[in-house]
$ cat run-v4.cif   # mmCIF, C-alpha atoms
data_start
#
loop_
_atom_site.group_PDB
_atom_site.id
_atom_site.type_symbol
_atom_site.label_atom_id
_atom_site.label_comp_id
_atom_site.auth_asym_id
_atom_site.auth_seq_id
_atom_site.Cartn_x
_atom_site.Cartn_y
_atom_site.Cartn_z
ATOM 1 C CA MET V 793 108.029 109.003 105.853
ATOM 2 C CA ASP V 794 108.584 112.184 107.846
ATOM 3 C CA ASP V 795 105.820 111.235 110.303
ATOM 4 C CA VAL V 796 107.530 107.952 111.186
ATOM 5 C CA VAL V 797 109.683 107.941 114.317
ATOM 6 C CA ALA V 798 112.694 106.032 113.043
ATOM 7 C CA THR V 799 115.333 104.410 115.192
ATOM 8 C CA LEU V 800 118.648 106.264 114.955
ATOM 9 C CA VAL V 801 121.537 103.993 115.953
ATOM 10 C CA CYS V 802 124.630 106.068 116.800
ATOM 11 C CA LEU V 803 128.297 105.041 116.871
ATOM 12 C CA HIS V 804 130.738 107.355 118.616
ATOM 13 C CA ALA V 805 134.192 108.614 117.707
ATOM 14 C CA LEU V 806 137.582 107.559 119.057
ATOM 15 C CA GLY V 807 137.745 108.321 122.766
ATOM 16 C CA GLY V 808 134.004 108.864 123.047
ATOM 17 C CA SER V 809 131.051 106.861 124.300
ATOM 18 C CA ARG V 810 127.316 106.670 123.778
ATOM 19 C CA ARG V 811 127.034 109.689 126.096
ATOM 20 C CA ALA V 812 128.477 111.849 123.302
ATOM 21 C CA PHE V 813 124.986 111.787 121.777
ATOM 22 C CA ASP V 814 123.057 112.925 124.863
ATOM 23 C CA ALA V 815 122.509 116.459 123.574
ATOM 24 C CA LEU V 816 121.576 115.235 120.091
ATOM 25 C CA THR V 817 119.114 112.797 121.657
ATOM 26 C CA HIS V 818 117.468 115.719 123.433
ATOM 27 C CA GLU V 819 117.296 117.775 120.242
ATOM 28 C CA LEU V 820 115.683 114.934 118.272
ATOM 29 C CA ALA V 821 113.176 113.857 120.914
ATOM 30 C CA GLY V 822 109.901 112.859 119.273
ATOM 31 C CA GLU V 823 111.480 112.687 115.813
ATOM 32 C CA PHE V 824 113.954 109.841 116.240
ATOM 33 C CA ASP V 825 114.301 107.110 118.817
ATOM 34 C CA VAL V 826 118.020 107.645 119.402
ATOM 35 C CA LEU V 827 119.906 104.545 120.548
ATOM 36 C CA ALA V 828 123.641 105.042 120.970
ATOM 37 C CA LEU V 829 126.107 102.208 121.488
ATOM 38 C CA ASP V 830 129.431 102.004 123.289
ATOM 39 C CA LEU V 831 132.065 100.503 121.020
ATOM 40 C CA PRO V 832 134.471 97.985 122.627
ATOM 41 C CA GLY V 833 137.030 99.614 124.889
ATOM 42 C CA SER V 834 134.917 102.755 125.303
ATOM 43 C CA GLY V 835 132.225 103.707 127.765
ATOM 44 C CA GLU V 836 130.937 100.560 129.428
ATOM 45 C CA ALA V 837 131.790 98.137 126.600
ATOM 46 C CA PRO V 838 134.690 95.880 127.621
ATOM 47 C CA VAL V 839 137.791 95.885 125.481
ATOM 48 C CA GLU V 840 137.635 92.079 125.442
ATOM 49 C CA LEU V 841 134.821 92.307 122.878
ATOM 50 C CA GLY V 842 137.511 93.191 120.357
ATOM 51 C CA THR V 843 138.725 96.494 118.974
ATOM 52 C CA SER V 844 139.603 95.689 115.372
ATOM 53 C CA VAL V 845 137.375 97.188 112.687
ATOM 54 C CA GLN V 846 135.792 93.796 112.013
ATOM 55 C CA GLU V 847 135.233 93.067 115.705
ATOM 56 C CA MET V 848 133.631 96.451 116.306
ATOM 57 C CA ALA V 849 131.394 96.016 113.263
ATOM 58 C CA ASP V 850 130.418 92.544 114.469
ATOM 59 C CA HIS V 851 129.594 94.024 117.886
ATOM 60 C CA VAL V 852 127.204 96.477 116.236
ATOM 61 C CA VAL V 853 125.647 93.804 114.017
ATOM 62 C CA ARG V 854 124.947 91.690 117.115
ATOM 63 C CA GLN V 855 123.308 94.604 118.939
ATOM 64 C CA VAL V 856 121.124 96.105 116.231
ATOM 65 C CA PRO V 857 118.345 93.473 115.992
ATOM 66 C CA ALA V 858 117.542 93.798 119.694
ATOM 67 C CA LEU V 859 117.659 97.588 119.466
ATOM 68 C CA LEU V 860 115.262 97.654 116.536
ATOM 69 C CA GLY V 861 112.722 95.292 118.068
ATOM 70 C CA GLY V 862 109.932 95.050 115.524
ATOM 71 C CA SER V 863 110.869 98.289 113.783
ATOM 72 C CA ARG V 864 112.238 98.088 110.252
ATOM 73 C CA GLU V 865 112.732 101.842 109.875
ATOM 74 C CA TRP V 866 116.203 102.740 111.065
ATOM 75 C CA VAL V 867 119.061 105.082 110.285
ATOM 76 C CA LEU V 868 122.716 104.439 111.139
ATOM 77 C CA LEU V 869 124.873 107.351 112.304
ATOM 78 C CA GLY V 870 128.635 107.236 112.706
ATOM 79 C CA HIS V 871 130.901 109.950 114.094
ATOM 80 C CA GLY V 872 134.658 109.954 113.462
ATOM 81 C CA ALA V 873 135.990 106.410 113.825
ATOM 82 C CA GLY V 874 132.387 105.305 114.250
ATOM 83 C CA GLY V 875 131.791 106.462 110.688
ATOM 84 C CA LYS V 876 134.136 103.823 109.313
ATOM 85 C CA ILE V 877 132.380 101.202 111.425
ATOM 86 C CA ALA V 878 129.011 102.482 110.181
ATOM 87 C CA SER V 879 130.066 102.021 106.553
ATOM 88 C CA VAL V 880 131.298 98.484 107.237
ATOM 89 C CA VAL V 881 128.046 97.645 109.052
ATOM 90 C CA THR V 882 126.003 99.092 106.189
ATOM 91 C CA ALA V 883 127.908 96.934 103.709
ATOM 92 C CA GLN V 884 127.170 93.899 105.874
ATOM 93 C CA ALA V 885 123.500 94.880 105.963
ATOM 94 C CA VAL V 886 123.420 95.144 102.174
ATOM 95 C CA ALA V 887 124.951 91.652 102.108
ATOM 96 C CA GLY V 888 122.049 90.365 104.199
ATOM 97 C CA ASP V 889 123.378 90.378 107.764
ATOM 98 C CA LEU V 890 120.831 93.007 108.887
ATOM 99 C CA PRO V 891 117.860 94.951 107.561
ATOM 100 C CA VAL V 892 119.364 97.635 105.314
ATOM 101 C CA PRO V 893 119.181 101.030 107.027
ATOM 102 C CA SER V 894 116.901 103.635 105.469
ATOM 103 C CA GLY V 895 119.876 105.946 105.449
ATOM 104 C CA VAL V 896 123.322 106.646 106.834
ATOM 105 C CA VAL V 897 124.487 109.801 108.615
ATOM 106 C CA LEU V 898 128.226 110.464 108.757
ATOM 107 C CA LEU V 899 129.569 113.158 111.085
ATOM 108 C CA ALA V 900 133.211 114.102 110.454
ATOM 109 C CA ALA V 901 133.588 110.448 109.582
ATOM 110 C CA SER V 902 136.622 108.326 108.942
ATOM 111 C CA PRO V 903 136.318 106.777 105.468
ATOM 112 C CA PRO V 904 136.374 103.038 104.724
ATOM 113 C CA GLY V 905 139.894 103.446 103.332
ATOM 114 C CA PRO V 906 142.919 104.629 105.328
ATOM 115 C CA GLU V 907 142.181 107.754 107.344
ATOM 116 C CA PRO V 908 144.255 110.793 106.328
ATOM 117 C CA MET V 909 146.505 111.490 109.304
ATOM 118 C CA ALA V 910 149.985 112.944 109.618
ATOM 119 C CA GLU V 911 152.378 110.387 111.078
ATOM 120 C CA GLU V 912 153.631 112.991 113.550
ATOM 121 C CA GLN V 913 150.106 113.380 114.853
ATOM 122 C CA ARG V 914 149.629 109.616 115.074
ATOM 123 C CA ALA V 915 152.848 109.263 117.070
ATOM 124 C CA ARG V 916 151.821 112.089 119.386
ATOM 125 C CA MET V 917 148.437 110.520 120.092
ATOM 126 C CA LEU V 918 150.021 107.120 120.709
ATOM 127 C CA SER V 919 152.444 108.685 123.187
ATOM 128 C CA TRP V 920 149.497 109.706 125.356
ATOM 129 C CA VAL V 921 148.768 106.069 126.232
ATOM 130 C CA ALA V 922 152.343 104.758 126.306
ATOM 131 C CA ASP V 923 152.179 104.348 130.084
ATOM 132 C CA GLY V 924 148.480 103.590 130.479
ATOM 133 C CA ALA V 925 145.325 105.668 130.369
ATOM 134 C CA MET V 926 145.487 109.283 129.227
ATOM 135 C CA ASP V 927 146.228 111.923 131.816
ATOM 136 C CA ALA V 928 144.649 115.358 132.141
ATOM 137 C CA ALA V 929 147.319 117.062 130.022
ATOM 138 C CA ALA V 930 146.779 114.655 127.125
ATOM 139 C CA VAL V 931 143.019 115.062 127.349
ATOM 140 C CA THR V 932 143.335 118.843 127.296
ATOM 141 C CA GLU V 933 145.612 118.739 124.244
ATOM 142 C CA PHE V 934 143.332 116.330 122.390
ATOM 143 C CA VAL V 935 140.207 118.391 122.968
ATOM 144 C CA ALA V 936 141.927 121.674 122.088
ATOM 145 C CA THR V 937 142.902 120.330 118.669
ATOM 146 C CA ARG V 938 139.477 118.847 117.919
ATOM 147 C CA VAL V 939 137.048 121.702 118.518
ATOM 148 C CA GLY V 940 136.338 124.884 116.624
ATOM 149 C CA GLY V 941 135.305 126.745 119.763
ATOM 150 C CA PRO V 942 134.709 126.230 123.486
ATOM 151 C CA LEU V 943 132.413 123.400 124.534
ATOM 152 C CA GLY V 944 129.585 123.897 126.984
ATOM 153 C CA LEU V 945 130.324 122.848 130.558
ATOM 154 C CA ALA V 946 128.321 119.618 130.423
ATOM 155 C CA GLU V 947 129.790 118.646 127.062
ATOM 156 C CA ALA V 948 133.346 119.412 128.193
ATOM 157 C CA GLU V 949 132.902 117.290 131.313
ATOM 158 C CA ARG V 950 131.498 114.455 129.219
ATOM 159 C CA VAL V 951 134.420 114.521 126.770
ATOM 160 C CA VAL V 952 136.960 114.477 129.585
ATOM 161 C CA ALA V 953 135.243 111.607 131.394
ATOM 162 C CA ASP V 954 135.033 109.535 128.215
ATOM 163 C CA LEU V 955 138.670 110.093 127.278
ATOM 164 C CA LEU V 956 139.943 109.254 130.759
ATOM 165 C CA ARG V 957 138.170 105.901 130.763
ATOM 166 C CA THR V 958 138.968 104.922 127.177
ATOM 167 C CA SER V 959 140.975 101.700 127.076
ATOM 168 C CA PRO V 960 144.596 102.380 126.064
ATOM 169 C CA ALA V 961 144.478 99.144 124.046
ATOM 170 C CA ALA V 962 141.446 100.341 122.080
ATOM 171 C CA TRP V 963 143.069 103.738 121.499
ATOM 172 C CA ARG V 964 146.276 102.114 120.217
ATOM 173 C CA ASP V 965 144.433 99.583 118.088
ATOM 174 C CA TRP V 966 142.561 102.286 116.201
ATOM 175 C CA LEU V 967 145.633 104.438 115.615
ATOM 176 C CA GLU V 968 147.972 101.580 114.710
ATOM 177 C CA ARG V 969 145.561 99.368 112.768
ATOM 178 C CA GLY V 970 141.939 100.434 112.411
ATOM 179 C CA SER V 971 142.533 103.894 110.983
ATOM 180 C CA ARG V 972 145.080 102.461 108.534
ATOM 181 C CA GLU V 973 143.047 99.510 107.273
ATOM 182 C CA ASP V 974 141.687 99.745 103.748
ATOM 183 C CA TRP V 975 138.105 98.503 103.656
ATOM 184 C CA SER V 976 137.214 100.343 100.472
ATOM 185 C CA GLN V 977 137.045 97.230 98.291
ATOM 186 C CA ARG V 978 135.036 95.252 100.839
ATOM 187 C CA VAL V 979 132.607 98.106 101.453
ATOM 188 C CA GLY V 980 132.386 99.069 97.794
ATOM 189 C CA VAL V 981 129.802 101.582 96.598
ATOM 190 C CA LEU V 982 126.695 101.698 98.783
ATOM 191 C CA ASP V 983 123.403 102.588 97.107
ATOM 192 C CA VAL V 984 121.994 103.943 100.356
ATOM 193 C CA PRO V 985 120.931 107.561 100.960
ATOM 194 C CA ALA V 986 123.467 109.362 103.114
ATOM 195 C CA LEU V 987 123.872 112.667 104.890
ATOM 196 C CA VAL V 988 127.549 113.587 105.230
ATOM 197 C CA VAL V 989 128.315 116.422 107.642
ATOM 198 C CA ALA V 990 131.729 118.043 108.020
ATOM 199 C CA GLY V 991 133.115 120.622 110.389
ATOM 200 C CA GLY V 992 134.461 123.632 108.543
ATOM 201 C CA ALA V 993 137.389 123.832 110.975
ATOM 202 C CA ASP V 994 138.090 120.091 111.193
ATOM 203 C CA PRO V 995 141.823 119.830 110.392
ATOM 204 C CA ASP V 996 141.826 116.183 109.280
ATOM 205 C CA LEU V 997 138.343 115.052 108.245
ATOM 206 C CA GLY V 998 136.847 118.241 106.854
ATOM 207 C CA GLU V 999 134.689 118.915 103.810
ATOM 208 C CA ASP V 1000 137.251 118.007 101.151
ATOM 209 C CA VAL V 1001 137.983 114.617 102.706
ATOM 210 C CA GLN V 1002 134.291 113.894 103.169
ATOM 211 C CA ARG V 1003 133.429 114.700 99.552
ATOM 212 C CA ARG V 1004 136.443 112.914 98.119
ATOM 213 C CA LEU V 1005 136.564 109.759 100.247
ATOM 214 C CA ASN V 1006 133.116 109.196 101.725
ATOM 215 C CA GLY V 1007 131.433 110.676 98.659
ATOM 216 C CA ALA V 1008 132.980 107.916 96.564
ATOM 217 C CA VAL V 1009 131.237 105.331 98.757
ATOM 218 C CA TYR V 1010 127.824 107.004 98.865
ATOM 219 C CA PRO V 1011 126.852 108.330 95.410
ATOM 220 C CA ARG V 1012 123.448 109.383 96.812
ATOM 221 C CA ALA V 1013 124.985 111.508 99.558
ATOM 222 C CA THR V 1014 123.933 115.002 100.559
ATOM 223 C CA PHE V 1015 126.792 117.096 101.966
ATOM 224 C CA ARG V 1016 126.622 119.754 104.645
ATOM 225 C CA THR V 1017 129.397 121.754 106.309
ATOM 226 C CA LEU V 1018 129.023 123.463 109.679
ATOM 227 C CA ALA V 1019 131.110 126.622 109.446
ATOM 228 C CA GLY V 1020 133.632 127.026 112.241
ATOM 229 C CA ALA V 1021 132.955 123.630 113.786
ATOM 230 C CA GLY V 1022 135.751 121.207 114.528
ATOM 231 C CA HIS V 1023 135.671 117.427 114.763
ATOM 232 C CA LEU V 1024 133.435 116.854 117.796
ATOM 233 C CA LEU V 1025 130.204 117.742 116.003
ATOM 234 C CA PRO V 1026 127.624 116.010 118.262
ATOM 235 C CA LEU V 1027 129.130 117.809 121.262
ATOM 236 C CA GLU V 1028 129.993 121.138 119.643
ATOM 237 C CA ARG V 1029 126.888 121.641 117.515
ATOM 238 C CA PRO V 1030 124.080 119.247 118.529
ATOM 239 C CA ARG V 1031 121.352 121.715 117.582
ATOM 240 C CA GLU V 1032 122.806 122.313 114.122
ATOM 241 C CA VAL V 1033 123.409 118.602 113.553
ATOM 242 C CA ALA V 1034 119.782 117.947 114.475
ATOM 243 C CA ALA V 1035 118.629 120.683 112.110
ATOM 244 C CA VAL V 1036 120.530 119.345 109.102
ATOM 245 C CA LEU V 1037 119.358 115.837 109.904
ATOM 246 C CA ARG V 1038 115.747 117.002 109.903
ATOM 247 C CA ALA V 1039 116.192 118.958 106.677
ATOM 248 C CA SER V 1040 118.102 116.254 104.837
ATOM 249 C CA ARG V 1041 116.758 113.152 106.486
ATOM 250 C CA PRO V 1042 118.139 110.232 104.471
ATOM 251 C CA ALA V 1043 115.518 107.739 103.387
ATOM 252 C CA ARG V 1044 115.292 104.854 100.955
ATOM 253 C CA THR V 1045 113.227 105.484 97.873
#

$ encode --input "run-v4.cif" --output "structure tokens"
Amino acid sequence: MDDVVATLVCLHALGGSRRAFDALTHELAGEFDVLALDLPGSGEAPVELGTSVQEMADHVVRQVPALLGGSREWVLLGHGAGGKIASVVTAQAVAGDLPVPSGVVLLAASPPGPEPMAEEQRARMLSWVADGAMDAAAVTEFVATRVGGPLGLAEAERVVADLLRTSPAAWRDWLERGSREDWSQRVGVLDVPALVVAGGADPDLGEDVQRRLNGAVYPRATFRTLAGAGHLLPLERPREVAAVLRASRPART
């Protein structure tokens, strides 16, 4: 198994894009064929594709067969909001819509149920797009509350660029609907190996939330916490994320 170069399909967090995984792609070169997707309303994916949880999951389900080609060995990774989408997609795969992934990797992931979030924080984040796309001040505030330490120059520039071009409609839809939706019954318990990684300094989706909410979905999960890291794990700690993925590579048995 470890000699097989699996396809790693990556789903980004709110306000991100497939470019959020550039550094992780570099770290995993030769070990995984990393294929990251833009979710609707982010990166280059038009918002018209639909930004509800179901529409984003359907978008991924449509893309995966072409990404896999003839390969049957694949792992699904979701970061933040992309983690909720990853769990929904995995449930659809178990139901027969796709080949079941060999494993799931969740990075600071939103759970299938409602995401724990203070209503004051939700209102603040919604205010950033009340008049259109986020401005520089909103971007700066968002990043400052999501990292455990300074980002590298390239990573910081990437985060800013992604946030500035995120569709306000997609941003609102996640905060008002997607993050609140309860998919726990529809997703159920997934008998798929999982690696669940938390940031030790993530204020909302840290280790306790991951063990309590995502752990209930993935009984075969392995948990890892990156001390001092915030929410933006693929950008803050790509080398450490790659290392724990290598050491705990989820695989069907």

$ resolve_selection --input "run-v4.cif" --expression "the PyMOL selection byres ((chain V and resi 942-947) around 12)" --output "JSON, numbers by chain"
{"V": [808, 811, 812, 813, 814, 815, 816, 932, 935, 936, 937, 938, 939, 940, 941, 948, 949, 950, 951, 952, 953, 954, 1020, 1021, 1022, 1023, 1024, 1025, 1026, 1027, 1028, 1029, 1030]}

$ resolve_selection --input "run-v4.cif" --expression "the PyMOL selection byres ((chain V and resi 1000) around 12)" --output "PyMOL selection string"
chain V and resi 900-901+908+988-999+1001-1008+1015-1017

$ resolve_selection --input "run-v4.cif" --expression "the PyMOL selection byres ((chain V and resi 875) around 8)" --output "PyMOL selection string"
chain V and resi 803+805+869-874+876-879+898-903

$ atom_distance --input "run-v4.cif" --atom1 "CA of Glu836 (chain V)" --atom2 "CA of Arg957 (chain V)"
9.1 Å

$ residues_around --input "run-v4.cif" --residues "region 881-887 of chain V" --least-positions-apart "2" --cutoff "7 Å" --atoms "all atoms listed in the file" --output "list of chain:residue names"
V:Ala849, V:Val853, V:Ile877, V:Ala878, V:Ser879, V:Asp889, V:Leu890, V:Pro891, V:Val892, V:Val979, V:Leu982

$ atom_distance --input "run-v4.cif" --atom1 "CA of Leu829 (chain V)" --atom2 "CA of Pro893 (chain V)"
16.1 Å

$ closest_residue --input "run-v4.cif" --among "V:Thr958, V:Ser894, V:Thr799, V:Gln846" --to "Trp975 (chain V)" --atoms "all atoms listed in the file"
V:Gln846

$ residues_around --input "run-v4.cif" --residues "Gly822 (chain V)" --least-positions-apart "2" --cutoff "12 Å" --atoms "all atoms listed in the file" --output "list in words"
Asp794, Asp795, Val796, Val797, Ala798, Thr799, Leu800, Leu816, Thr817, His818, Glu819, Leu820, Phe824, Asp825, Val826 and Arg1038 of chain V

$ write_last_selection --input "run-v4.cif" --atoms "C-alpha atoms" --output "short mmCIF file (atom, residue, chain, number, x, y, z; two decimals), keeping the file's coordinate frame"
data_model
loop_
_atom_site.label_atom_id
_atom_site.label_comp_id
_atom_site.auth_asym_id
_atom_site.auth_seq_id
_atom_site.Cartn_x
_atom_site.Cartn_y
_atom_site.Cartn_z
CA ASP V 794 108.58 112.18 107.85
CA ASP V 795 105.82 111.24 110.30
CA VAL V 796 107.53 107.95 111.19
CA VAL V 797 109.68 107.94 114.32
CA ALA V 798 112.69 106.03 113.04
CA THR V 799 115.33 104.41 115.19
CA LEU V 800 118.65 106.26 114.96
CA LEU V 816 121.58 115.24 120.09
CA THR V 817 119.11 112.80 121.66
CA HIS V 818 117.47 115.72 123.43
CA GLU V 819 117.30 117.78 120.24
CA LEU V 820 115.68 114.93 118.27
CA PHE V 824 113.95 109.84 116.24
CA ASP V 825 114.30 107.11 118.82
CA VAL V 826 118.02 107.64 119.40
CA ARG V 1038 115.75 117.00 109.90
#

$ atom_distance --input "run-v4.cif" --atom1 "CA of Ala915 (chain V)" --atom2 "CA of Ser959 (chain V)"
17.3 Å

$ axis_aligned_box --input "run-v4.cif" --around "region 920-931 of chain V" --padding-each-side "5 Å" --output "JSON"
{"center_x": 147.7, "center_y": 110.3, "center_z": 128.7, "size_x": 19.3, "size_y": 23.5, "size_z": 16.8}

$ decode --input "run-v4.cif" --residues "region 914-950 of chain V" --atoms "C-alpha atoms" --output "PDB file, in the first residue's frame"
ATOM      1  CA  ARG V 914     -21.041  34.866  12.554  1.00  0.00           C
ATOM      2  CA  ALA V 915     -22.551  38.355  12.446  1.00  0.00           C
ATOM      3  CA  ARG V 916     -19.104  39.934  12.275  1.00  0.00           C
ATOM      4  CA  MET V 917     -18.049  37.742   9.361  1.00  0.00           C
ATOM      5  CA  LEU V 918     -21.302  38.435   7.521  1.00  0.00           C
ATOM      6  CA  SER V 919     -20.767  42.174   7.957  1.00  0.00           C
ATOM      7  CA  TRP V 920     -17.575  41.911   5.913  1.00  0.00           C
ATOM      8  CA  VAL V 921     -19.560  41.151   2.749  1.00  0.00           C
ATOM      9  CA  ALA V 922     -22.611  43.324   3.437  1.00  0.00           C
ATOM     10  CA  ASP V 923     -21.599  45.728   0.669  1.00  0.00           C
ATOM     11  CA  GLY V 924     -19.857  43.301  -1.673  1.00  0.00           C
ATOM     12  CA  ALA V 925     -16.496  41.572  -1.673  1.00  0.00           C
ATOM     13  CA  MET V 926     -14.279  41.757   1.401  1.00  0.00           C
ATOM     14  CA  ASP V 927     -11.922  44.684   1.708  1.00  0.00           C
ATOM     15  CA  ALA V 928      -8.342  44.655   2.964  1.00  0.00           C
ATOM     16  CA  ALA V 929      -9.334  45.415   6.564  1.00  0.00           C
ATOM     17  CA  ALA V 930     -11.736  42.467   6.690  1.00  0.00           C
ATOM     18  CA  VAL V 931      -9.150  40.158   5.163  1.00  0.00           C
ATOM     19  CA  THR V 932      -6.550  41.242   7.706  1.00  0.00           C
ATOM     20  CA  GLU V 933      -8.952  40.656  10.603  1.00  0.00           C
ATOM     21  CA  PHE V 934      -9.996  37.244   9.296  1.00  0.00           C
ATOM     22  CA  VAL V 935      -6.443  36.007   8.853  1.00  0.00           C
ATOM     23  CA  ALA V 936      -5.305  37.355  12.230  1.00  0.00           C
ATOM     24  CA  THR V 937      -7.979  35.333  14.020  1.00  0.00           C
ATOM     25  CA  ARG V 938      -7.306  32.127  12.082  1.00  0.00           C
ATOM     26  CA  VAL V 939      -3.567  31.568  12.427  1.00  0.00           C
ATOM     27  CA  GLY V 940      -1.402  30.535  15.336  1.00  0.00           C
ATOM     28  CA  GLY V 941       1.599  32.449  14.027  1.00  0.00           C
ATOM     29  CA  PRO V 942       2.771  34.496  11.040  1.00  0.00           C
ATOM     30  CA  LEU V 943       2.362  32.980   7.588  1.00  0.00           C
ATOM     31  CA  GLY V 944       5.185  32.867   5.085  1.00  0.00           C
ATOM     32  CA  LEU V 945       5.127  35.592   2.442  1.00  0.00           C
ATOM     33  CA  ALA V 946       3.867  33.362  -0.369  1.00  0.00           C
ATOM     34  CA  GLU V 947       1.197  31.805   1.832  1.00  0.00           C
ATOM     35  CA  ALA V 948       0.038  35.193   3.131  1.00  0.00           C
ATOM     36  CA  GLU V 949      -0.266  36.542  -0.408  1.00  0.00           C
ATOM     37  CA  ARG V 950      -2.218  33.458  -1.445  1.00  0.00           C
TER      38      ARG V 950
END
